[in-house]
file final10.cif (mmCIF, C-alpha atoms)
data_final
loop_
_atom_site.label_atom_id
_atom_site.label_comp_id
_atom_site.auth_asym_id
_atom_site.auth_seq_id
_atom_site.Cartn_x
_atom_site.Cartn_y
_atom_site.Cartn_z
CA CYS A 582 -4.95 4.05 -8.97
CA VAL A 583 -6.41 1.36 -6.71
CA THR A 584 -7.06 -2.11 -8.19
CA THR A 585 -9.67 -4.26 -6.44
CA GLY A 586 -12.18 -6.91 -7.38
CA GLY A 587 -12.83 -8.64 -10.67
CA ALA A 588 -10.33 -10.01 -13.18
CA ASP A 589 -7.16 -8.02 -13.59
CA PRO A 590 -7.55 -5.29 -16.19
CA THR A 591 -5.97 -5.57 -19.62
CA VAL A 592 -4.91 -2.23 -21.02
CA ASP A 593 -3.87 -1.69 -24.63
CA TRP A 594 -1.39 1.06 -23.86
CA SER A 595 -0.69 1.72 -27.54
CA GLU A 596 -4.31 2.81 -28.04
CA LEU A 597 -4.44 5.28 -25.12
CA HIS A 598 -4.14 9.01 -25.74
CA ASN A 599 -4.00 11.95 -23.39
CA PRO A 600 -6.53 12.79 -22.12
CA ILE A 601 -8.24 9.45 -21.64
CA LEU A 602 -11.52 11.27 -20.91
CA ALA A 603 -12.55 14.67 -22.26
CA GLU A 604 -15.98 16.24 -22.00
CA ALA A 605 -17.25 19.03 -24.25
CA ALA A 606 -19.65 20.29 -21.57
CA GLY A 607 -16.96 20.84 -18.92
CA GLY A 608 -13.41 20.50 -17.74
CA VAL A 609 -12.16 17.16 -16.38
CA LYS A 610 -9.29 17.37 -13.89
CA ASP A 611 -7.94 15.99 -10.59
CA GLN A 612 -8.74 12.40 -11.55
CA ALA A 613 -8.77 9.42 -9.18
CA ILE A 614 -9.25 5.95 -10.66
CA VAL A 615 -9.94 2.46 -9.31
CA TRP A 616 -10.47 -0.95 -10.97
CA ALA A 617 -13.36 -2.82 -9.35
CA GLY A 618 -16.03 -5.22 -10.52
CA GLY A 619 -14.56 -5.50 -14.01
CA ARG A 620 -14.60 -1.75 -14.73
CA TRP A 621 -12.46 1.32 -14.25
CA HIS A 622 -14.23 3.88 -12.05
CA LEU A 623 -12.99 7.43 -12.63
CA LEU A 624 -13.83 10.22 -10.17
CA PHE A 625 -12.81 13.76 -11.07
CA SER A 626 -13.35 17.48 -10.66
CA TYR A 627 -15.94 18.55 -13.22
CA VAL A 628 -15.80 22.27 -14.01
CA THR A 629 -18.69 23.81 -15.96
CA ASP A 630 -19.85 27.30 -16.88
CA ASP A 631 -22.55 28.71 -14.60
CA PRO A 632 -23.20 32.45 -15.02
CA ALA A 633 -25.36 32.44 -11.88
CA LEU A 634 -22.33 31.72 -9.66
CA PRO A 635 -19.58 34.16 -8.65
CA GLY A 636 -16.78 33.76 -11.17
CA GLY A 637 -19.20 32.06 -13.59
CA VAL A 638 -17.86 28.56 -12.87
CA ARG A 639 -19.37 25.57 -11.06
CA TRP A 640 -17.16 22.89 -9.46
CA ASP A 641 -18.56 19.38 -8.96
CA ILE A 642 -17.30 15.85 -8.62
CA ALA A 643 -18.40 13.49 -11.37
CA THR A 644 -17.87 9.85 -12.27
CA SER A 645 -17.54 7.77 -15.41
CA THR A 646 -16.72 4.09 -15.98
CA SER A 647 -14.87 2.11 -18.63
CA VAL A 648 -13.83 -1.49 -19.27
CA ASP A 649 -10.83 -0.53 -21.44
CA LEU A 650 -9.89 3.12 -20.66
CA LEU A 651 -10.93 3.98 -24.23
CA HIS A 652 -14.74 3.98 -24.11
CA TRP A 653 -16.41 5.79 -21.21
CA SER A 654 -19.93 5.96 -19.83
CA ALA A 655 -21.72 9.31 -19.72
CA VAL A 656 -20.34 11.74 -17.16
CA ASP A 657 -22.45 11.58 -14.00
CA PRO A 658 -22.02 14.58 -11.64
CA TRP A 659 -22.76 14.08 -7.95
CA PRO A 660 -25.69 16.09 -6.58
CA ALA A 661 -24.71 19.53 -5.27
CA GLN A 662 -23.54 19.46 -1.65
CA LYS A 663 -25.53 21.75 0.62
CA GLY A 664 -23.60 24.40 2.52
CA VAL A 665 -20.61 24.69 0.17
CA ALA A 666 -19.98 26.61 -3.06
CA GLY A 667 -18.67 23.53 -4.85
CA VAL A 668 -16.53 20.42 -4.48
CA ALA A 669 -13.37 19.15 -6.19
CA SER A 670 -10.18 17.12 -6.05
CA PRO A 671 -11.39 13.59 -5.22
CA ASP A 672 -9.04 10.88 -4.04
CA ILE A 673 -10.08 7.27 -3.46
CA VAL A 674 -8.85 4.50 -1.18
CA ARG A 675 -10.28 1.18 -0.04
CA GLN A 676 -10.65 0.50 3.66
CA PRO A 677 -9.50 -2.87 5.04
CA SER A 678 -13.22 -3.69 5.42
CA GLY A 679 -13.66 -3.34 1.62
CA THR A 680 -15.60 -0.06 1.70
CA TYR A 681 -14.32 2.70 -0.58
CA VAL A 682 -13.59 6.15 0.84
CA VAL A 683 -13.44 9.30 -1.30
CA THR A 684 -11.86 12.41 0.17
CA TYR A 685 -12.42 15.78 -1.48
CA GLN A 686 -12.44 19.50 -0.80
CA SER A 687 -15.15 22.11 -0.71
CA ASP A 688 -15.21 25.63 -2.11
CA PRO A 689 -12.52 25.38 -4.80
CA GLY A 690 -11.37 28.66 -6.26
CA ALA A 691 -13.70 30.84 -4.18
CA ALA A 692 -12.59 34.36 -3.43
CA PRO A 693 -12.28 35.63 0.15
CA PRO A 694 -14.18 35.70 2.43
CA SER A 695 -15.63 32.38 1.17
CA GLN A 696 -12.37 30.56 1.84
CA ASP A 697 -13.66 29.67 5.30
CA GLU A 698 -15.35 26.78 3.49
CA ALA A 699 -12.11 25.37 2.00
CA ARG A 700 -12.23 22.16 4.03
CA LEU A 701 -12.06 18.41 3.51
CA TYR A 702 -15.00 16.02 3.37
CA PHE A 703 -15.43 12.32 2.71
CA ARG A 704 -18.05 9.87 1.49
CA THR A 705 -18.10 6.07 1.56
CA SER A 706 -19.44 3.44 -0.82
CA ALA A 707 -19.63 -0.34 -0.95
CA ASP A 708 -20.13 -0.42 -4.75
CA LEU A 709 -18.71 2.87 -6.17
CA GLU A 710 -22.22 3.81 -7.35
CA HIS A 711 -24.14 4.62 -4.18
CA TRP A 712 -22.44 7.09 -1.84
CA SER A 713 -23.02 8.07 1.77
CA ALA A 714 -23.92 11.59 2.74
CA PRO A 715 -20.92 13.94 2.91
CA ARG A 716 -19.12 14.10 6.25
CA PRO A 717 -16.52 16.61 7.47
CA LEU A 718 -12.95 15.30 7.63
CA ALA A 719 -10.64 16.65 10.37
CA HIS A 720 -11.96 20.23 10.28
CA ALA A 721 -10.43 20.84 13.73
CA LEU A 722 -6.98 20.75 12.08
CA ALA A 723 -7.79 24.04 10.30
CA PRO A 724 -9.77 25.93 12.96
CA GLY A 725 -9.42 29.52 11.69
CA PRO A 726 -12.15 31.00 9.51
CA ARG A 727 -9.62 31.79 6.73
CA ASP A 728 -7.62 28.57 7.05
CA ARG A 729 -7.57 26.34 3.96
CA MET A 730 -7.43 22.56 4.01
CA ILE A 731 -7.43 21.05 0.50
CA ASP A 732 -6.22 18.14 -1.67
CA GLY A 733 -6.70 15.48 1.00
CA ALA A 734 -5.75 11.82 0.66
CA LEU A 735 -6.01 8.87 3.04
CA VAL A 736 -3.79 5.81 3.25
CA TYR A 737 -4.24 2.69 5.35
CA THR A 738 -0.82 1.35 6.38
CA GLY A 739 -1.95 -1.80 8.19
CA HIS A 740 -1.12 -0.17 11.52
CA GLN A 741 -2.66 3.26 11.19
CA LEU A 742 -4.69 5.59 9.02
CA LEU A 743 -2.80 8.59 7.63
CA LEU A 744 -4.29 11.79 6.21
CA GLY A 745 -2.20 14.07 4.01
CA PHE A 746 -3.42 17.48 2.84
CA LYS A 747 -2.37 20.99 1.85
CA TYR A 748 -2.84 23.58 4.60
CA SER A 749 -2.58 27.36 4.53
CA SER A 750 -3.75 30.33 6.58
CA PRO A 751 -3.42 34.12 6.38
CA THR A 752 -0.06 33.80 8.21
CA GLN A 753 1.10 30.43 6.79
CA PRO A 754 1.76 29.72 3.08
CA ASP A 755 0.79 26.37 1.58
CA VAL A 756 2.41 23.44 3.37
CA PHE A 757 1.87 19.70 3.25
CA GLU A 758 0.52 18.30 6.52
#
call {"tool": "encode", "arguments": {"input": "final10.cif", "output": "structure tokens"}}
result
Amino acid sequence: CVTTGGADPTVDWSELHNPILAEAAGGVKDQAIVWAGGRWHLLFSYVTDDPALPGGVRWDIATSTSVDLLHWSAVDPWPAQKGVAGVASPDIVRQPSGTYVVTYQSDPGAAPPSQDEARLYFRTSADLEHWSAPRPLAHALAPGPRDRMIDGALVYTGHQLLLGFKYSSPTQPDVFE
């Protein structure tokens, strides 16, 4: 959770229940949340049925907002990203300049040989509503066609920018890098 901009949030913890957001039309998972401009902004993996896709499931990133963590706006999926089977696992951080950066992965859950698309991407936003075009993030760190690079997160330390992610390849089990 990143807290920026606007009055500090007041949360009535006694009223919250798990999950804080559920959607009948799809699964909500891998949440990232930030307080900005007087609202909570939730980004998450949004998993819906799609018989036209292999496995019958579509993976997107969607957003919703709330002032109290109890009442949420309608789920708003991002447009499909060209060149990948789906996207998931968003994480959000604010740059020192004030711009927000969301990291996420492509091709979640795809069966081989599609795993050559399991890579990280990022988008930026000044207002958490309008997002840049997707850009690759450190693809050279997973150069093999069957390498996987997922669950990325950035952190600004004041002296450097760090990227953490899960990496695997046909000869290397999952490791944190």
call {"tool": "atom_distance", "arguments": {"input": "final10.cif", "atom1": "atom CA of Trp616 of chain A", "atom2": "atom CA of Trp653 of chain A"}}
result
13.6 Å
call {"tool": "resolve_selection", "arguments": {"input": "final10.cif", "expression": "the PyMOL selection byres ((chain A and resi 701-710) around 6)", "output": "ChimeraX atom specification"}}
result
/A:680-686,700,711-713,715-718
call {"tool": "atom_distance", "arguments": {"input": "final10.cif", "atom1": "atom CA of Ser749 of chain A", "atom2": "atom CA of Met730 of chain A"}}
result
6.8 Å
call {"tool": "closest_residue", "arguments": {"input": "final10.cif", "among": "A:Leu651, A:Leu623, A:Ala633, A:Ile642", "to": "Ile601 of chain A", "atoms": "all atoms listed in the file"}}
result
A:Leu651
call {"tool": "residues_around", "arguments": {"input": "final10.cif", "residues": "segment 657-673 of chain A", "least_positions_apart": "6", "cutoff": "8 Å", "atoms": "only C-alpha atoms", "output": "number ranges by chain"}}
result
A: 583, 610-615, 624-627, 639-645, 681-689, 691, 698, 715, 732-735
call {"tool": "write_last_selection", "arguments": {"input": "final10.cif", "atoms": "C-alpha atoms", "output": "PDB file, in the frame of the given file"}}
result
ATOM      1  CA  VAL A 583      -6.410   1.360  -6.710  1.00  0.00           C
ATOM      2  CA  LYS A 610      -9.290  17.370 -13.890  1.00  0.00           C
ATOM      3  CA  ASP A 611      -7.940  15.990 -10.590  1.00  0.00           C
ATOM      4  CA  GLN A 612      -8.740  12.400 -11.550  1.00  0.00           C
ATOM      5  CA  ALA A 613      -8.770   9.420  -9.180  1.00  0.00           C
ATOM      6  CA  ILE A 614      -9.250   5.950 -10.660  1.00  0.00           C
ATOM      7  CA  VAL A 615      -9.940   2.460  -9.310  1.00  0.00           C
ATOM      8  CA  LEU A 624     -13.830  10.220 -10.170  1.00  0.00           C
ATOM      9  CA  PHE A 625     -12.810  13.760 -11.070  1.00  0.00           C
ATOM     10  CA  SER A 626     -13.350  17.480 -10.660  1.00  0.00           C
ATOM     11  CA  TYR A 627     -15.940  18.550 -13.220  1.00  0.00           C
ATOM     12  CA  ARG A 639     -19.370  25.570 -11.060  1.00  0.00           C
ATOM     13  CA  TRP A 640     -17.160  22.890  -9.460  1.00  0.00           C
ATOM     14  CA  ASP A 641     -18.560  19.380  -8.960  1.00  0.00           C
ATOM     15  CA  ILE A 642     -17.300  15.850  -8.620  1.00  0.00           C
ATOM     16  CA  ALA A 643     -18.400  13.490 -11.370  1.00  0.00           C
ATOM     17  CA  THR A 644     -17.870   9.850 -12.270  1.00  0.00           C
ATOM     18  CA  SER A 645     -17.540   7.770 -15.410  1.00  0.00           C
ATOM     19  CA  TYR A 681     -14.320   2.700  -0.580  1.00  0.00           C
ATOM     20  CA  VAL A 682     -13.590   6.150   0.840  1.00  0.00           C
ATOM     21  CA  VAL A 683     -13.440   9.300  -1.300  1.00  0.00           C
ATOM     22  CA  THR A 684     -11.860  12.410   0.170  1.00  0.00           C
ATOM     23  CA  TYR A 685     -12.420  15.780  -1.480  1.00  0.00           C
ATOM     24  CA  GLN A 686     -12.440  19.500  -0.800  1.00  0.00           C
ATOM     25  CA  SER A 687     -15.150  22.110  -0.710  1.00  0.00           C
ATOM     26  CA  ASP A 688     -15.210  25.630  -2.110  1.00  0.00           C
ATOM     27  CA  PRO A 689     -12.520  25.380  -4.800  1.00  0.00           C
ATOM     28  CA  ALA A 691     -13.700  30.840  -4.180  1.00  0.00           C
ATOM     29  CA  GLU A 698     -15.350  26.780   3.490  1.00  0.00           C
ATOM     30  CA  PRO A 715     -20.920  13.940   2.910  1.00  0.00           C
ATOM     31  CA  ASP A 732      -6.220  18.140  -1.670  1.00  0.00           C
ATOM     32  CA  GLY A 733      -6.700  15.480   1.000  1.00  0.00           C
ATOM     33  CA  ALA A 734      -5.750  11.820   0.660  1.00  0.00           C
ATOM     34  CA  LEU A 735      -6.010   8.870   3.040  1.00  0.00           C
TER      35      LEU A 735
END
call {"tool": "closest_residue", "arguments": {"input": "final10.cif", "among": "A:Arg675, A:His740, A:Arg729, A:Arg620", "to": "Thr591 of chain A", "atoms": "all atoms listed in the file"}}
result
A:Arg620
call {"tool": "atom_distance", "arguments": {"input": "final10.cif", "atom1": "atom CA of Ala588 of chain A", "atom2": "atom CA of Val656 of chain A"}}
result
24.3 Å
call {"tool": "closest_residue", "arguments": {"input": "final10.cif", "among": "A:Leu742, A:Ala605, A:Val648, A:Ala699", "to": "Arg727 of chain A", "atoms": "only C-alpha atoms"}}
result
A:Ala699
call {"tool": "closest_residue", "arguments": {"input": "final10.cif", "among": "A:Gly739, A:Pro590, A:Gly725, A:Gly636", "to": "Thr752 of chain A", "atoms": "only C-alpha atoms"}}
result
A:Gly725
call {"tool": "closest_residue", "arguments": {"input": "final10.cif", "among": "A:Leu597, A:Val592, A:Ala719, A:Ala617", "to": "Tyr748 of chain A", "atoms": "all atoms listed in the file"}}
result
A:Ala719
call {"tool": "build_atoms", "arguments": {"input": "final10.cif", "residues": "segment 639-650 of chain A", "atoms": "all heavy atoms", "output": "PDB file, in the coordinates of the input"}}
result
ATOM      1  N   ARG A 639     -18.857  26.521 -12.049  1.00  0.00           N
ATOM      2  CA  ARG A 639     -19.370  25.570 -11.060  1.00  0.00           C
ATOM      3  C   ARG A 639     -18.384  24.410 -10.961  1.00  0.00           C
ATOM      4  O   ARG A 639     -17.934  23.871 -11.968  1.00  0.00           O
ATOM      5  CB  ARG A 639     -20.728  25.054 -11.483  1.00  0.00           C
ATOM      6  CG  ARG A 639     -21.275  23.990 -10.581  1.00  0.00           C
ATOM      7  CD  ARG A 639     -22.701  23.594 -10.971  1.00  0.00           C
ATOM      8  NE  ARG A 639     -23.206  22.693  -9.994  1.00  0.00           N
ATOM      9  CZ  ARG A 639     -23.672  23.035  -8.797  1.00  0.00           C
ATOM     10  NH1 ARG A 639     -23.716  24.302  -8.461  1.00  0.00           N
ATOM     11  NH2 ARG A 639     -24.104  22.137  -7.948  1.00  0.00           N
ATOM     12  N   TRP A 640     -18.055  24.012  -9.727  1.00  0.00           N
ATOM     13  CA  TRP A 640     -17.160  22.890  -9.460  1.00  0.00           C
ATOM     14  C   TRP A 640     -17.971  21.752  -8.857  1.00  0.00           C
ATOM     15  O   TRP A 640     -18.656  21.939  -7.839  1.00  0.00           O
ATOM     16  CB  TRP A 640     -16.072  23.295  -8.477  1.00  0.00           C
ATOM     17  CG  TRP A 640     -15.043  24.213  -9.046  1.00  0.00           C
ATOM     18  CD1 TRP A 640     -15.158  25.564  -9.237  1.00  0.00           C
ATOM     19  CD2 TRP A 640     -13.740  23.855  -9.474  1.00  0.00           C
ATOM     20  NE1 TRP A 640     -13.996  26.057  -9.768  1.00  0.00           N
ATOM     21  CE2 TRP A 640     -13.108  25.031  -9.918  1.00  0.00           C
ATOM     22  CE3 TRP A 640     -13.044  22.654  -9.518  1.00  0.00           C
ATOM     23  CZ2 TRP A 640     -11.813  25.039 -10.401  1.00  0.00           C
ATOM     24  CZ3 TRP A 640     -11.741  22.666  -9.994  1.00  0.00           C
ATOM     25  CH2 TRP A 640     -11.143  23.853 -10.431  1.00  0.00           C
ATOM     26  N   ASP A 641     -17.892  20.583  -9.467  1.00  0.00           N
ATOM     27  CA  ASP A 641     -18.560  19.380  -8.960  1.00  0.00           C
ATOM     28  C   ASP A 641     -17.579  18.222  -9.007  1.00  0.00           C
ATOM     29  O   ASP A 641     -16.512  18.321  -9.615  1.00  0.00           O
ATOM     30  CB  ASP A 641     -19.769  19.014  -9.844  1.00  0.00           C
ATOM     31  CG  ASP A 641     -20.903  20.001  -9.742  1.00  0.00           C
ATOM     32  OD1 ASP A 641     -21.421  20.198  -8.635  1.00  0.00           O
ATOM     33  OD2 ASP A 641     -21.264  20.577 -10.789  1.00  0.00           O
ATOM     34  N   ILE A 642     -17.983  17.119  -8.417  1.00  0.00           N
ATOM     35  CA  ILE A 642     -17.300  15.850  -8.620  1.00  0.00           C
ATOM     36  C   ILE A 642     -18.209  15.006  -9.476  1.00  0.00           C
ATOM     37  O   ILE A 642     -19.421  14.968  -9.273  1.00  0.00           O
ATOM     38  CB  ILE A 642     -16.969  15.153  -7.283  1.00  0.00           C
ATOM     39  CG1 ILE A 642     -15.915  15.976  -6.538  1.00  0.00           C
ATOM     40  CG2 ILE A 642     -16.493  13.720  -7.514  1.00  0.00           C
ATOM     41  CD1 ILE A 642     -15.587  15.479  -5.167  1.00  0.00           C
ATOM     42  N   ALA A 643     -17.626  14.346 -10.469  1.00  0.00           N
ATOM     43  CA  ALA A 643     -18.400  13.490 -11.370  1.00  0.00           C
ATOM     44  C   ALA A 643     -17.689  12.157 -11.507  1.00  0.00           C
ATOM     45  O   ALA A 643     -16.526  12.004 -11.122  1.00  0.00           O
ATOM     46  CB  ALA A 643     -18.555  14.159 -12.741  1.00  0.00           C
ATOM     47  N   THR A 644     -18.426  11.185 -12.058  1.00  0.00           N
ATOM     48  CA  THR A 644     -17.870   9.850 -12.270  1.00  0.00           C
ATOM     49  C   THR A 644     -18.145   9.399 -13.696  1.00  0.00           C
ATOM     50  O   THR A 644     -19.053   9.895 -14.367  1.00  0.00           O
ATOM     51  CB  THR A 644     -18.505   8.822 -11.301  1.00  0.00           C
ATOM     52  OG1 THR A 644     -19.905   8.747 -11.549  1.00  0.00           O
ATOM     53  CG2 THR A 644     -18.266   9.201  -9.851  1.00  0.00           C
ATOM     54  N   SER A 645     -17.341   8.446 -14.137  1.00  0.00           N
ATOM     55  CA  SER A 645     -17.540   7.770 -15.410  1.00  0.00           C
ATOM     56  C   SER A 645     -16.855   6.413 -15.282  1.00  0.00           C
ATOM     57  O   SER A 645     -15.929   6.263 -14.482  1.00  0.00           O
ATOM     58  CB  SER A 645     -16.920   8.585 -16.552  1.00  0.00           C
ATOM     59  OG  SER A 645     -17.206   7.997 -17.806  1.00  0.00           O
ATOM     60  N   THR A 646     -17.314   5.428 -16.055  1.00  0.00           N
ATOM     61  CA  THR A 646     -16.720   4.090 -15.980  1.00  0.00           C
ATOM     62  C   THR A 646     -16.316   3.608 -17.375  1.00  0.00           C
ATOM     63  O   THR A 646     -16.838   4.077 -18.386  1.00  0.00           O
ATOM     64  CB  THR A 646     -17.693   3.065 -15.361  1.00  0.00           C
ATOM     65  OG1 THR A 646     -18.858   2.984 -16.177  1.00  0.00           O
ATOM     66  CG2 THR A 646     -18.062   3.444 -13.934  1.00  0.00           C
ATOM     67  N   SER A 647     -15.376   2.653 -17.376  1.00  0.00           N
ATOM     68  CA  SER A 647     -14.870   2.110 -18.630  1.00  0.00           C
ATOM     69  C   SER A 647     -14.335   0.700 -18.390  1.00  0.00           C
ATOM     70  O   SER A 647     -13.810   0.424 -17.309  1.00  0.00           O
ATOM     71  CB  SER A 647     -13.734   2.983 -19.171  1.00  0.00           C
ATOM     72  OG  SER A 647     -13.115   2.395 -20.298  1.00  0.00           O
ATOM     73  N   VAL A 648     -14.435  -0.155 -19.383  1.00  0.00           N
ATOM     74  CA  VAL A 648     -13.830  -1.490 -19.270  1.00  0.00           C
ATOM     75  C   VAL A 648     -12.430  -1.515 -19.884  1.00  0.00           C
ATOM     76  O   VAL A 648     -11.654  -2.429 -19.618  1.00  0.00           O
ATOM     77  CB  VAL A 648     -14.713  -2.589 -19.908  1.00  0.00           C
ATOM     78  CG1 VAL A 648     -16.018  -2.712 -19.156  1.00  0.00           C
ATOM     79  CG2 VAL A 648     -14.934  -2.327 -21.385  1.00  0.00           C
ATOM     80  N   ASP A 649     -12.096  -0.484 -20.708  1.00  0.00           N
ATOM     81  CA  ASP A 649     -10.830  -0.530 -21.440  1.00  0.00           C
ATOM     82  C   ASP A 649     -10.037   0.779 -21.426  1.00  0.00           C
ATOM     83  O   ASP A 649      -9.010   0.876 -22.087  1.00  0.00           O
ATOM     84  CB  ASP A 649     -11.090  -0.942 -22.885  1.00  0.00           C
ATOM     85  CG  ASP A 649     -12.046  -0.006 -23.610  1.00  0.00           C
ATOM     86  OD1 ASP A 649     -12.392   1.073 -23.061  1.00  0.00           O
ATOM     87  OD2 ASP A 649     -12.444  -0.344 -24.736  1.00  0.00           O
ATOM     88  N   LEU A 650     -10.493   1.777 -20.718  1.00  0.00           N
ATOM     89  CA  LEU A 650      -9.890   3.120 -20.660  1.00  0.00           C
ATOM     90  C   LEU A 650      -9.998   3.879 -21.975  1.00  0.00           C
ATOM     91  O   LEU A 650      -9.457   4.969 -22.114  1.00  0.00           O
ATOM     92  CB  LEU A 650      -8.410   3.068 -20.224  1.00  0.00           C
ATOM     93  CG  LEU A 650      -8.139   2.547 -18.821  1.00  0.00           C
ATOM     94  CD1 LEU A 650      -6.622   2.506 -18.562  1.00  0.00           C
ATOM     95  CD2 LEU A 650      -8.831   3.388 -17.770  1.00  0.00           C
TER      96      LEU A 650
END
